[in-house]
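Chemist: Quick one: the structure is below, questions incoming.
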Amino acid sequence: MRTLQGTWYGAALDDNRTSVSGWVEGSYTASSAKVTNQPVVWNDRADRFLMNQAWFRLERSVVTSGTTDPTWGYRIDADYGSDYRFSMMRGLLNNQLKNSQGNQNLYGVDLIQFYSNVYVPTLFQGTDVRVGRLFTRSGTKASRG
């Protein structure tokens with residue numbers, strides 16, 4: 001977003017309460033093992049560089065103060081990398097876990113989180129309703145809430 005500040009694209013995103021962000025994270029774990037570091041989970045490959053996450057986030061925020069009108073928003077978090085194997089929801093894009101030879105793919109895509117939400121400031125003392133897949137601190141969970 002800092003790169004887009006002062007540009008037409010940045011102004012269009014700001015006017016629509018929309019932001020784009022993300023990060024890239026890699027690792028290398030030195031090991032005396034030949035292939036795997038199990039039971040280590042996230043850095044489970046021995047003596048190999050891993051691109052753990054190339055994370056992309058698109059978000060439209062809701063307005064929670066200074067208005068009596070309902071507002072809506074959404075959020076999409078997508079991850080490409082080796083971490084997808086540990087966070088993906090089974091039943092959604094899980095056909096990418098194995099390649100055509102039946103071996104596990106090291107890299108793939110996971111839609112970590114995607115939801116739409118509505119904020120209603122006049123319901124109780126303000127109510128935020130979200131529908132979709134929400135990422136929780138204890139892991140991933142298909143949720144409505």
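So you can find residues: chains in the structure tokens are A, B, ... in the order shown, residues in each start at 1, and ligands are numbered from 1 in order.
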Step one, run DSSP on the backbone; step two, keep only residues of chain A assigned to strand (DSSP E); then write them as JSON, numbers by chain.

Modeler: {"A": [18, 19, 20, 21, 22, 23, 24, 25, 26, 27, 28, 49, 50, 51, 52, 53, 54, 55, 56, 57, 58, 59, 60, 71, 72, 73, 74, 75, 76, 77, 78, 79, 80, 81, 108, 109, 110, 111, 112, 113, 114, 115, 116, 117, 118, 119, 120, 127, 128, 129, 130, 131, 132, 133, 134, 135, 136, 139, 140, 141, 142, 143, 144]}

Chemist: Skipping near chain neighbours, those fewer than 2 positions away, what residues fall within 8 Å of region 49-66 of chain A using only C-alpha atoms, listed as number ranges by chain?

Modeler: A: 16-29, 42-43, 45, 47, 68, 71-83, 117-119, 121, 126

Chemist: DSSP on the backbone, alpha helix (DSSP H) only: what residues of chain A does that give? Format it as a list in words.

Modeler: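 Result set for chain A (alpha helix (DSSP H)): Trp8, Tyr9, Gly10, Ala11, Ala12, Leu13, Asp14, Asp15, Tyr84, Arg85, Phe86 and Ser87 of chain A.
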
Chemist: Could you check which of A:Gln5, A:Thr122, A:Asp15, A:Thr136 is closest to Asp69 (chain A), using only C-alpha atoms?

Modeler: A:Thr122

Chemist: In Å to one decimal, how far is CA of Tyr84 (chain A) from CA of Ser100 (chain A)?

Modeler: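 Computed distance, CA of Ser100 (chain A) to CA of Tyr84 (chain A), equals 18.3 Å.
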
Chemist: Quick one, how far is CA of Asn94 (chain A) from CA of Ser31 (chain A)?

Modeler: 29.2 Å

Chemist: Which residue is closest to Thr127 (chain A)? Choose from A:Pro70, A:Leu106, A:Tyr115, A:Val41 and count only C-alpha atoms.

Modeler: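 Using only C-alpha atoms, Thr127 (chain A) sits closest to A:Pro70.
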
Chemist: Record the distance separating CA of Phe86 (chain A) and CA of Gln113 (chain A), expressed in Å with one decimal.

Modeler: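 Between CA of Phe86 (chain A) and CA of Gln113 (chain A) the gap works out to 14.1 Å.
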